[in-house]
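Working notes for the structure below.
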Amino acid sequence: MTLEARRQPESVSVNSDRAIATAYNQAGDEYITYADGDPTKLFAFDGRYGYGDRRIWELLDTRLRAFHVSGAETVRILDLGCGPGTWLRRVVTRARELGFRDIIARGFDIAEDQVRRAQELSETLRGRRGVDLRFEIGDICECYPEADASVDLCLCLCGVLNHLPAHDLRPVLREIGRVTRGDFVTTVRAIGSTPTVYVGAIEDARSFRQDNTNNRLDVEFRNGRRVSINSHLFDAAELRALVMPIFAIKDLFGLDLFHGRFAEDHRWNPQHCKTTDKFCSELDRLEKIYCREAGFVDHATHLLLMGTPREKVAKVVPHAPRVTSAGRNTA
C-alpha cells in the first residue's frame with residue numbers, strides 16, 4: 001500500500017475479521033517502527049515498549065536455552081498474529097545461534113500487508129541452512145495445520161487476543177492447546193493499562209474511546225481515517241480463569257507498571273528533565289517487586305502469561321473444531 005493510499009480517509013467497522021485486517025493493513029510500514037523499533041536491530045529493544053519487550057525476550061531466551069540444554073536438536077515455533085514478524089525472527093535467530101540443527105517456524109496473520117513485510121524482512125534468514133521459516137496469511141480462529149502436540153514454543157503476543165470476541169477465546173485456546181507440546185506465551189492489554197490505539201502511536205489519533213461495556217475501540221486519526229475494532233481488556237484473574245482449563249499456568253505477571261509512566265516526552269518535558277541510569281535501575285527493581293501483586297498487576301501495560309498444556313487436553317480435544325468468524329463450531 002502506498003503512502004498516498006494510506007492518507008485517504010477510510011472507515012473500518014467493528015466486529016469483523018476484515019475490520020482488524022484492514023486496520024493493520026492501513027497502518028502500513030510505520031506499524032513495525034511503532035511496535036518494535038528499528039526492524040534491522042532485532043535485539044535493541046529501544047522502542048516505545050522497550051522494557052516490556054526486554055522482559056518478554058528474557059523469558060523466551062531462557063526457554064530456548066533450556067530446551068537446547070535438554071538435548072533437543074530440532075525446535076518448532078508457531079507465532080499467532082505475527083504482524084511484521086519481529087518476534088519470530090528474534091526467536092529463529094537465537095535458535096540458530098544456540099546450535100539447533102533444524103528450526104521449523106511459521107507465523108501467520110490476518111493482515112496481508114503485515115505478512116508481506118514479514119516475508120521481506122526474513123528473506124535472508126529463510127535462506128539459511130536448517131531454517132524452515134514461513135510467514136503466511138491466516139486466521140487465528142481457524143484450525144491450524146500443525147499436528148497434535150507438535151509445537152515447542154507457541155507465541156501470541158502484542159494484544160492479539162484483545163481483538164477476539166469473547167465467544168472465540170475458549171475455542172482458540174483449545175486449538176492452541178491441541179498443537180502445543182511445550183510452552184505457550186501470550187501478552188494482552190490490561191484493564192488498567194495506559195491507553196492504546198493498537199495500530200499506531202497514541203499521538204497519531206485526534207480522538208479515541210474505549211467502550212469496555214461493548215468491547216469496542218473507536219479511533220479518529222489526524223489524517224481523517226476512522227477505525228472501530230473489537231478491543232477487550234483483560235484483568236489477571238479473568239485471563240487466568242480463561243486459560244486454566246487448557247494450560248497449567250507457569251507464570252502470569254504485568255509488563256511495564258512504571259517505565260512507561262516515567263518515560264520522557266519531548267513534547268512536554270524540558271531538556272534537562274532526563275531519567276538517569278540510577279533512576280531506571282530503581283524502576284526495574286520496583287517492576288520486579290510489584291509485577292505479580294494484586295492491585296498493581298492490572299495496571300501494567302500488558303499482562304504476560306506462560307503456560308504448558310495439561311495432559312488431559314490431548315485426550316479431550318484430539319482434533320479441535322473449526323471456529324468460524326461468527327463463533328460457531330463446525331465438526
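Identifiers in the C-alpha cells: chain A, B, ... in order shown; residue index from 1 per chain; ligand index from 1 in order shown.
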
From the DSSP assignment of the backbone, select every residue of stretch 156-232 of chain A that is strand (DSSP E), and format the answer as a ChimeraX atom specification. /A:156,180-189,205-211,216-221,226-230

Please tabulate, as a Markdown table, the residues of stretch 76-168 of chain A that come within 10 Å of stretch 229-247 of chain A, each with its closest pair of atoms and the distance in Å to one decimal, counting only C-alpha atoms and ordering rows by chain, then residue number upward.
| residue | atom | partner | partner_atom | distance |
| --- | --- | --- | --- | --- |
| A:Gly159 | CA | A:Ser231 | CA | 9.1 |
| A:Val160 | CA | A:Ser231 | CA | 9.6 |
| A:Leu161 | CA | A:His232 | CA | 8.2 |
| A:Asn162 | CA | A:His232 | CA | 4.9 |
| A:His163 | CA | A:Asn230 | CA | 5.0 |
| A:Leu164 | CA | A:Asn230 | CA | 6.8 |
| A:Pro165 | CA | A:Asn230 | CA | 7.0 |
| A:Ala166 | CA | A:His232 | CA | 8.2 |

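Within the 7 Å cut-off around A:Lys250, using only C-alpha atoms and omitting residues fewer than 2 positions from it on the same chain, the listed residues are Ala248, Met306 and Gly307 of chain A.
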
Just the alpha helix (DSSP H) stuff from stretch 177-261 of chain A, please, per backbone DSSP, written as a PyMOL selection string. chain A and resi 177-179+236-243

Between atom CA of A:Asp132 and atom CA of A:Ala118, measure the distance and give it in Å to one decimal. 14.3 Å

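Near A:Asp79, within a cut-off of 8 Å and counting only C-alpha atoms, sit the residues Leu88, Ala105, Arg106, Gly107, Phe108, Cys154, Leu155 and Cys156 of chain A, with same-chain residues fewer than 4 positions away left out.
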